[in-house]
Amino acid sequence: MLLSIQDLAVAFRMGKVSGVTQRQQAVGRSGTTVSFDIPENTTVALVGESGSGKSVTAMSILNLLPDNAERSGRILWQGQNLIDTPLNELQHLRGREIACVFQDPMSSLNPVFTVGEQLMEPLIKHMGLSRKQALARAEELLVEVGMPEPKRRLGVYPHEMSGGQQQRVMIAMALACEPKLLIADEPTTALDVTIQRQILELIAKLKNKMKMSVLFISHDLGVVGEIADHVVVMRNGIVREQGPVASIFNDPQDDYTKALLACRPSLTENPARLMVIDEHIAATKAAVEGRSAAAARLAKAKDPNAPVVLEVNSLFKSFYLKQGLFGTREFKAVQNVNFKLRKGHTLGVVGESGSGKTTMGLTLLRLHEPTGGEVIFDGKNLLTVSAQERQTMRRRIQVVFQNPYASLNPRFTIGQTLVEPMEIHGIGNSTEEREQVARELLQKVGLDDRAFGKYPHEFSGGQRQRIAIARCLTLKPEVLVLDEAVSALDVSVQAQVLNLLKDLQDEFGLSYVFISHDLAVVRFLSDEVLVMKDGVVVEQASAEEILQHPREDYTKRLLGAIPRGYQAA
Amino acid sequence: MTAILNPHAAPSVGPERSEGVWAAAWRRYRADRVGVLSLIIVVMFTVLIAASALDLVAKDWQKEVGVPNAPPTFLGPAPPEATGVIEQPKGPNVDISAIDPLAPKYAEWAERAKAYATPDTIKAETLPLGGDRLGRDVLSKAIKGTEISVFVGVLAALVATFLGTLLGALSGYLGGKVGDFFEWLYNVFEAVPGILLIFAFAAVFGRGIGTVVLILGLTGWTGLYRQVRAEFMKHRSREYVRSAEAIGASQVARMFKHILPNISHVILVRMGLLVVGFIKSEVILSYLGLGVGIDDVSWGTMLSEAQAELILGYWWQLVSATAFMCVFVTAFSLMADAARDALDPKLRGLE
């Protein structure tokens, strides 16, 4: 056994209240502790939502936790208990025997050193190589992680590389000393699907080649199913279920695991609603007790001849970059986009990052000034209307942003956030009336009345995204641009928000422009899909058509890259 | 029964507002012992200043209540000076009334002089903290000086904060040509040595409290401007500002309703430091004779007078003014420091 975690519990000291130290339990709950093993040459995956304690568990192995953490239990590394190993001995293990790769490669690399220097540092420090040997080894490592032009890359700075290349460098750094265990903490979450696929394949290949073990942390069961040999499912600091990957996927025992598997939108089937964790658990319980679960609602058929609310003709957007002293260079972010959006329908926009999909969405609202083309909304060209009309139009097209942590003003209460748009547009006659509307909308998006006086930092990501949606609804818009609105959320929370969006569409006849890099999510919500690449629409067809019969290579590549979970070989 | 036992259990009408950013900051501030102590000192000074402004204390600071350069009470009265007395001539007095032409008028003049009562006040030999060269009470002067110095410091800081915030917001938020213009203005102000700039303004505007406030306010906004500008540039592209734009909030609303409260802690702390800096600047200005008028007193004028007194060994005015200034400035700086720690959202959760 390479690593064995036994009875682990981690708590954080949260300051003193009247002389008594307050502790917050992050791993282990009320006597239940965490135990699992990592055998040699195996990939063990830790799966769970945010706050489940999976990262804390992994970071406690090398004690990379903040100073206020308290660990108990045993972490046996080849028989040595790491919990009472002094720091200077741990430092010999760190990087040499056990290496880490983190989520965000951009912030994990030091921006002021070249890639080569950063790669050489562990080689010189841990392996005792000379500079010359280290340089040669660094180049070898870059070849190993599949970096094109490795010799040139040694001299470049991190910002000159793409996200996928940065993550490759991170992996190369982790592998520099040929560790026996690689801890990968959500290594692909910040990356596009296509890049994610490459990185997953790279990790799997290197694991076999170097005969090492991998502790892979992810919230995405789809990813885990493809890479792991053994899966540990965590929730609220305790292990819900663990076992070989085949049994977890084919025969899950725990309600929570079952629910997690059910709540992810899939490419193969398209339900009207997604299962939400709690609903799923309740339904299973009901079935056991002999009652029938609430019947699944049928999808409302959409009227293919519904009136067109938004028509976009040959939309262009260019950015001008300064070049040299006087010159400017044109960067075409969006080129010649055309589509029609009908009432109550959803247009999905997919593409890798940098494909211009977000720019396109924001140009519709004129949050970016377009360079050319027309956006016809209610018979008027939005791009040429007067400032006065633009203000009223603005009310009718709203946007929900990706990051729910950044899109709410931290100094406004939820009430203020919801009432403000109505005040600006003069909706409602009095403050009481507006507050009444705000409270009703809060209820509609599934938050209780107490939320009204609270501040955004008191809510979770999913709740904040509901608040952001409620803010848009205060203006009774007709079109909602959802810019990666569910990408930052956990799978289970994602399911809740997606269901909410679908319900709201049925109720109010909203039209959505749904921008996402996740084809499975786009498919769940969309009627028509635009596939964008480098600012150009490469394919445009109905959602089913795109999934069943993709025509373009790019679309096929996007589809192929989506993690499909565990497939019996 | 529960309703009787626990009247607070009933659902409150309307949700209560939860702890806001300011309430949380106050909670953190109270946990800081040095911060609380400095706050108490600053509050005590504030009370003193208010009392002085309302003429409750130090009203008669200009009265010459003591003998010139009266020493502090704890030192006791100054020893009588050895004056060179001219020796009395020996022999009997010589009666010269016979040859004095004015002799008949003496009685009449004495009679007329009685009509004008000349109050001959008894000057105190010692004063609590001593007296200055005119015999004015140094304690009263120090209190009055506190009022003026702090008033000047706070008012000038308000002017500078207003200017810096407004220009910084415009420059940072709008950018482009407007931003370039304000940057140019900033560079001009920064390029001239500070003290020279102050002299230039003082030479044009003349002397007086209003002038000092104006001078310090007009020259001191640059640091705050830079910081506010940077904050606005950072926040301009945040998603909550874009969301505000998407719901139709105007530019002014976005700048001052959305962004400003989010960076208010930066401004507040910076302003605290400006107050301290300006009080010191006022002292320098007054010391150099460019500060408050001659019929006003500030810490600066006291120090300026003390320079001449010190040579003669009258040290008490210097010590009093310095002590008042040190205590206030130190307490105010510590308070601003504690406020920054309490308000900085980056420190949140790291207690």
# chains A, B, ... in the order shown; residues from 1 in each chain; ligands from 1
$ closest_atom_pairs --of "chain A" --to "chain B" --cutoff "10 Å" --atoms "only C-alpha atoms" --output "CSV"
residue,atom,partner,partner_atom,distance
A:Arg13,CA,B:Glu351,CA,9.4
A:Met14,CA,B:Glu351,CA,7.0
A:Gly15,CA,B:Glu351,CA,5.7
A:Lys16,CA,B:Glu351,CA,8.7
A:Asn68,CA,B:Leu350,CA,9.4
A:Leu362,CA,B:Ala246,CA,9.4
A:Leu365,CA,B:Ala246,CA,7.3
A:Arg366,CA,B:Ala246,CA,8.8
A:Leu367,CA,B:Ala246,CA,7.2
A:Arg390,CA,B:Gly248,CA,9.1
A:Gln391,CA,B:Gly248,CA,6.2
A:Thr392,CA,B:Gly248,CA,8.5
A:Met393,CA,B:Gly248,CA,9.3
A:Arg394,CA,B:Gly248,CA,6.2
A:Arg395,CA,B:Ile247,CA,6.3
A:Arg396,CA,B:Ile247,CA,9.3
A:Ile397,CA,B:Ala246,CA,8.3
A:Gln398,CA,B:Ala246,CA,6.3
A:Val399,CA,B:Ala246,CA,6.7
A:Val400,CA,B:Ser243,CA,7.7
A:Phe401,CA,B:Glu239,CA,7.1
A:Gln402,CA,B:Glu239,CA,8.7
A:Asn403,CA,B:Glu239,CA,7.7
A:Pro404,CA,B:Glu239,CA,8.8
A:Tyr405,CA,B:Glu239,CA,9.0
A:Ala406,CA,B:Glu239,CA,5.5
A:Ser407,CA,B:Tyr240,CA,3.8
A:Leu408,CA,B:Tyr240,CA,4.9
A:Asn409,CA,B:Tyr240,CA,5.4
A:Pro410,CA,B:Asn262,CA,7.4
A:Arg411,CA,B:Asn262,CA,6.3
A:Phe412,CA,B:His258,CA,8.4
A:Thr413,CA,B:Arg17,CA,7.9
A:Ile414,CA,B:Arg17,CA,9.8
A:Gly415,CA,B:Arg17,CA,9.5
A:Thr417,CA,B:Ala244,CA,9.3
A:Glu420,CA,B:Ala249,CA,8.5
A:Pro421,CA,B:Ile247,CA,5.7
A:Met422,CA,B:Ile247,CA,8.9
A:Glu423,CA,B:Ala249,CA,9.6
A:Ile424,CA,B:Ala249,CA,6.5
A:His425,CA,B:Gly248,CA,7.7
A:Asp448,CA,B:Pro15,CA,9.9
A:Asp449,CA,B:Pro15,CA,6.8
A:Arg450,CA,B:Pro15,CA,5.0
A:Ala451,CA,B:Pro15,CA,7.6
A:Phe452,CA,B:Pro15,CA,6.6
A:Gly453,CA,B:Arg17,CA,4.1
A:Lys454,CA,B:Ser18,CA,5.1
A:Tyr455,CA,B:Gly20,CA,7.1
A:Glu458,CA,B:Ser18,CA,9.3
A:Ala468,CA,B:Ser243,CA,8.8
A:Arg471,CA,B:Ile247,CA,8.5
A:Cys472,CA,B:Ile247,CA,7.4
A:Thr474,CA,B:Ile247,CA,9.6
A:Leu475,CA,B:Ile247,CA,8.0
$ write_last_selection --atoms "C-alpha atoms" --output "mmCIF file, in the first residue's frame"
data_model
loop_
_atom_site.group_PDB
_atom_site.id
_atom_site.type_symbol
_atom_site.label_atom_id
_atom_site.label_comp_id
_atom_site.auth_asym_id
_atom_site.auth_seq_id
_atom_site.Cartn_x
_atom_site.Cartn_y
_atom_site.Cartn_z
ATOM 1 C CA ARG A 13 -9.943 27.018 14.379
ATOM 2 C CA MET A 14 -12.197 29.998 13.711
ATOM 3 C CA GLY A 15 -11.140 32.429 16.427
ATOM 4 C CA LYS A 16 -12.290 32.633 20.007
ATOM 5 C CA ASN A 68 -5.387 27.157 11.722
ATOM 6 C CA LEU A 362 -22.622 41.049 -24.738
ATOM 7 C CA LEU A 365 -26.995 44.035 -25.177
ATOM 8 C CA ARG A 366 -24.551 46.671 -26.360
ATOM 9 C CA LEU A 367 -22.373 46.042 -23.360
ATOM 10 C CA ARG A 390 -32.097 52.072 -25.818
ATOM 11 C CA GLN A 391 -32.927 52.436 -22.131
ATOM 12 C CA THR A 392 -36.376 50.876 -22.629
ATOM 13 C CA MET A 393 -34.890 48.162 -24.817
ATOM 14 C CA ARG A 394 -32.351 47.432 -22.158
ATOM 15 C CA ARG A 395 -35.193 46.507 -19.844
ATOM 16 C CA ARG A 396 -36.406 43.869 -22.264
ATOM 17 C CA ILE A 397 -33.094 42.095 -22.848
ATOM 18 C CA GLN A 398 -31.272 41.034 -19.722
ATOM 19 C CA VAL A 399 -28.087 39.164 -18.946
ATOM 20 C CA VAL A 400 -26.964 36.662 -16.295
ATOM 21 C CA PHE A 401 -23.204 36.425 -15.893
ATOM 22 C CA GLN A 402 -20.980 33.454 -15.270
ATOM 23 C CA ASN A 403 -19.581 34.175 -11.853
ATOM 24 C CA PRO A 404 -22.313 34.523 -9.226
ATOM 25 C CA TYR A 405 -19.669 35.601 -6.698
ATOM 26 C CA ALA A 406 -18.800 38.690 -8.722
ATOM 27 C CA SER A 407 -22.069 39.723 -10.296
ATOM 28 C CA LEU A 408 -23.855 40.955 -7.161
ATOM 29 C CA ASN A 409 -22.805 44.188 -5.483
ATOM 30 C CA PRO A 410 -21.367 43.114 -2.116
ATOM 31 C CA ARG A 411 -22.507 46.315 -0.396
ATOM 32 C CA PHE A 412 -26.162 45.976 -1.416
ATOM 33 C CA THR A 413 -28.682 43.825 0.424
ATOM 34 C CA ILE A 414 -30.611 41.401 -1.742
ATOM 35 C CA GLY A 415 -33.624 43.672 -1.369
ATOM 36 C CA THR A 417 -30.303 44.633 -5.507
ATOM 37 C CA GLU A 420 -32.856 49.019 -7.911
ATOM 38 C CA PRO A 421 -33.692 47.982 -11.497
ATOM 39 C CA MET A 422 -37.384 48.688 -10.902
ATOM 40 C CA GLU A 423 -36.516 52.141 -9.585
ATOM 41 C CA ILE A 424 -34.382 52.907 -12.616
ATOM 42 C CA HIS A 425 -37.126 51.954 -15.026
ATOM 43 C CA ASP A 448 -37.289 32.405 1.373
ATOM 44 C CA ASP A 449 -38.360 35.810 2.560
ATOM 45 C CA ARG A 450 -35.503 36.185 5.025
ATOM 46 C CA ALA A 451 -33.084 36.564 2.119
ATOM 47 C CA PHE A 452 -34.446 40.067 1.519
ATOM 48 C CA GLY A 453 -32.345 41.819 4.133
ATOM 49 C CA LYS A 454 -29.194 39.740 3.766
ATOM 50 C CA TYR A 455 -25.968 40.488 1.924
ATOM 51 C CA GLU A 458 -24.230 34.968 3.086
ATOM 52 C CA ALA A 468 -29.069 37.260 -10.251
ATOM 53 C CA ARG A 471 -32.885 40.597 -10.579
ATOM 54 C CA CYS A 472 -33.303 40.149 -14.319
ATOM 55 C CA THR A 474 -37.834 42.217 -11.968
ATOM 56 C CA LEU A 475 -37.766 43.980 -15.321
#
$ select_by_dssp --residues "segment 40-225 of chain A" --states "helix (DSSP H, G or I)" --output "PyMOL selection string"
chain A and resi 54-59+87-93+105-108+115-126+131-144+150-153+158-160+163-175+193-210+221-225
$ atom_distance --atom1 "atom CA of Asp104 of chain A" --atom2 "atom CA of Gly164 of chain A"
10.4 Å
$ residues_around --residues "Leu56 of chain B" --least-positions-apart "5" --cutoff "12 Å" --atoms "only C-alpha atoms" --output "number ranges by chain"
B: 47-51, 61, 140, 143-144
$ residues_around --residues "Asp254 of chain A" --least-positions-apart "2" --cutoff "7 Å" --atoms "only C-alpha atoms" --output "number ranges by chain"
A: 240-241, 252, 256-258
$ write_last_selection --atoms "C-alpha atoms" --output "CSV table (one decimal), in the first residue's frame"
chain,number,residue,atom,x,y,z
A,240,ARG,CA,-20.6,8.3,1.4
A,241,GLU,CA,-19.4,5.4,-0.7
A,252,PRO,CA,-24.2,2.5,-6.8
A,256,TYR,CA,-26.2,10.3,-2.8
A,257,THR,CA,-24.1,8.6,-5.4
A,258,LYS,CA,-27.2,7.6,-7.3
$ residues_around --residues "Val67 of chain B" --least-positions-apart "4" --cutoff "8 Å" --atoms "only C-alpha atoms" --output "PyMOL selection string"
chain B and resi 123-126+131+134-135
$ write_last_selection --atoms "N, CA and C atoms" --output "PDB file, in the first residue's frame"
ATOM      1  N   LYS B 123      -1.262  89.841  38.764  1.00  0.00           N
ATOM      2  CA  LYS B 123      -0.865  88.794  37.817  1.00  0.00           C
ATOM      3  C   LYS B 123      -0.385  87.578  38.599  1.00  0.00           C
ATOM      4  N   ALA B 124      -0.816  86.405  38.086  1.00  0.00           N
ATOM      5  CA  ALA B 124      -0.411  85.170  38.764  1.00  0.00           C
ATOM      6  C   ALA B 124       1.087  84.968  38.596  1.00  0.00           C
ATOM      7  N   GLU B 125       1.678  84.496  39.672  1.00  0.00           N
ATOM      8  CA  GLU B 125       3.117  84.224  39.620  1.00  0.00           C
ATOM      9  C   GLU B 125       3.404  82.965  38.785  1.00  0.00           C
ATOM     10  N   THR B 126       2.487  81.981  38.926  1.00  0.00           N
ATOM     11  CA  THR B 126       2.651  80.740  38.158  1.00  0.00           C
ATOM     12  C   THR B 126       1.318  80.403  37.494  1.00  0.00           C
ATOM     13  N   GLY B 131       3.196  80.294  31.349  1.00  0.00           N
ATOM     14  CA  GLY B 131       2.657  81.358  30.511  1.00  0.00           C
ATOM     15  C   GLY B 131       3.647  81.718  29.424  1.00  0.00           C
ATOM     16  N   LEU B 134       3.773  87.109  26.964  1.00  0.00           N
ATOM     17  CA  LEU B 134       2.816  88.133  27.363  1.00  0.00           C
ATOM     18  C   LEU B 134       2.080  87.725  28.629  1.00  0.00           C
ATOM     19  N   GLY B 135       2.389  86.560  29.167  1.00  0.00           N
ATOM     20  CA  GLY B 135       1.707  86.088  30.356  1.00  0.00           C
ATOM     21  C   GLY B 135       0.396  85.407  30.064  1.00  0.00           C
TER      22      GLY B 135
END
$ residues_around --residues "Val337 of chain A" --least-positions-apart "3" --cutoff "10 Å" --atoms "only C-alpha atoms" --output "list of chain:residue names"
A:Val312, A:Asn313, A:Ser314, A:Leu315, A:Phe316, A:Lys317, A:Val334, A:Met360, A:Gly373, A:Glu374, A:Leu530, A:Met532, A:Gly535, A:Val536, A:Val537, A:Val538
$ write_last_selection --atoms "N, CA and C atoms" --output "mmCIF file, in the first residue's frame"
data_model
loop_
_atom_site.group_PDB
_atom_site.id
_atom_site.type_symbol
_atom_site.label_atom_id
_atom_site.label_comp_id
_atom_site.auth_asym_id
_atom_site.auth_seq_id
_atom_site.Cartn_x
_atom_site.Cartn_y
_atom_site.Cartn_z
ATOM 1 N N VAL A 312 -30.843 38.550 -35.625
ATOM 2 C CA VAL A 312 -29.503 39.119 -35.742
ATOM 3 C C VAL A 312 -28.997 38.879 -37.154
ATOM 4 N N ASN A 313 -28.602 39.958 -37.806
ATOM 5 C CA ASN A 313 -28.095 39.840 -39.168
ATOM 6 C C ASN A 313 -26.656 40.323 -39.248
ATOM 7 N N SER A 314 -25.816 39.484 -39.753
ATOM 8 C CA SER A 314 -24.392 39.756 -39.996
ATOM 9 C C SER A 314 -23.773 40.680 -38.949
ATOM 10 N N LEU A 315 -23.724 40.181 -37.726
ATOM 11 C CA LEU A 315 -23.154 40.952 -36.626
ATOM 12 C C LEU A 315 -21.633 40.828 -36.634
ATOM 13 N N PHE A 316 -20.971 41.958 -36.529
ATOM 14 C CA PHE A 316 -19.502 41.981 -36.473
ATOM 15 C C PHE A 316 -19.054 42.710 -35.229
ATOM 16 N N LYS A 317 -17.957 42.260 -34.654
ATOM 17 C CA LYS A 317 -17.347 43.008 -33.562
ATOM 18 C C LYS A 317 -15.838 42.854 -33.658
ATOM 19 N N VAL A 334 -15.954 38.703 -33.425
ATOM 20 C CA VAL A 334 -17.202 38.102 -33.903
ATOM 21 C C VAL A 334 -17.343 38.460 -35.370
ATOM 22 N N MET A 360 -20.137 37.924 -28.414
ATOM 23 C CA MET A 360 -21.353 37.991 -29.209
ATOM 24 C C MET A 360 -22.545 38.288 -28.309
ATOM 25 N N GLY A 373 -23.460 45.327 -38.587
ATOM 26 C CA GLY A 373 -24.565 44.379 -38.580
ATOM 27 C C GLY A 373 -25.792 44.977 -37.922
ATOM 28 N N GLU A 374 -26.831 44.180 -37.796
ATOM 29 C CA GLU A 374 -28.014 44.693 -37.112
ATOM 30 C C GLU A 374 -28.635 43.650 -36.188
ATOM 31 N N LEU A 530 -25.737 27.195 -32.033
ATOM 32 C CA LEU A 530 -24.687 27.773 -32.869
ATOM 33 C C LEU A 530 -23.362 27.232 -32.356
ATOM 34 N N MET A 532 -19.473 28.011 -32.430
ATOM 35 C CA MET A 532 -18.576 29.095 -32.847
ATOM 36 C C MET A 532 -17.128 28.685 -32.700
ATOM 37 N N GLY A 535 -14.599 33.270 -33.621
ATOM 38 C CA GLY A 535 -15.484 34.361 -33.991
ATOM 39 C C GLY A 535 -16.414 34.051 -35.140
ATOM 40 N N VAL A 536 -16.298 32.862 -35.734
ATOM 41 C CA VAL A 536 -17.130 32.517 -36.872
ATOM 42 C C VAL A 536 -18.064 31.379 -36.466
ATOM 43 N N VAL A 537 -19.324 31.433 -36.968
ATOM 44 C CA VAL A 537 -20.244 30.327 -36.722
ATOM 45 C C VAL A 537 -19.901 29.218 -37.699
ATOM 46 N N VAL A 538 -19.487 28.063 -37.167
ATOM 47 C CA VAL A 538 -19.100 26.994 -38.081
ATOM 48 C C VAL A 538 -20.261 26.044 -38.351
#
$ atom_distance --atom1 "atom CA of Ile376 of chain A" --atom2 "atom CA of Arg342 of chain A"
12.3 Å
$ closest_residue --among "A:Ser218, A:Gln166, A:Gln253, A:Asn208" --to "Pro111 of chain A" --atoms "only C-alpha atoms"
A:Gln166
$ select_by_dssp --residues "segment 424-500 of chain A" --states "strand (DSSP E or B)" --output "PyMOL selection string"
chain A and resi 479-483
$ closest_residue --among "B:Ala110, B:Leu158, B:Leu303, B:Val65" --to "Pro128 of chain B" --atoms "only C-alpha atoms"
B:Val65
$ atom_distance --atom1 "atom CA of Asn110 of chain A" --atom2 "atom CA of Pro179 of chain A"
21.6 Å
$ residues_around --residues "segment 211-217 of chain B" --least-positions-apart "2" --cutoff "8 Å" --atoms "only C-alpha atoms" --output "PyMOL selection string"
chain B and resi 152-153+155-160+198+201-202+205-209+219-221+278+281-282+291-292
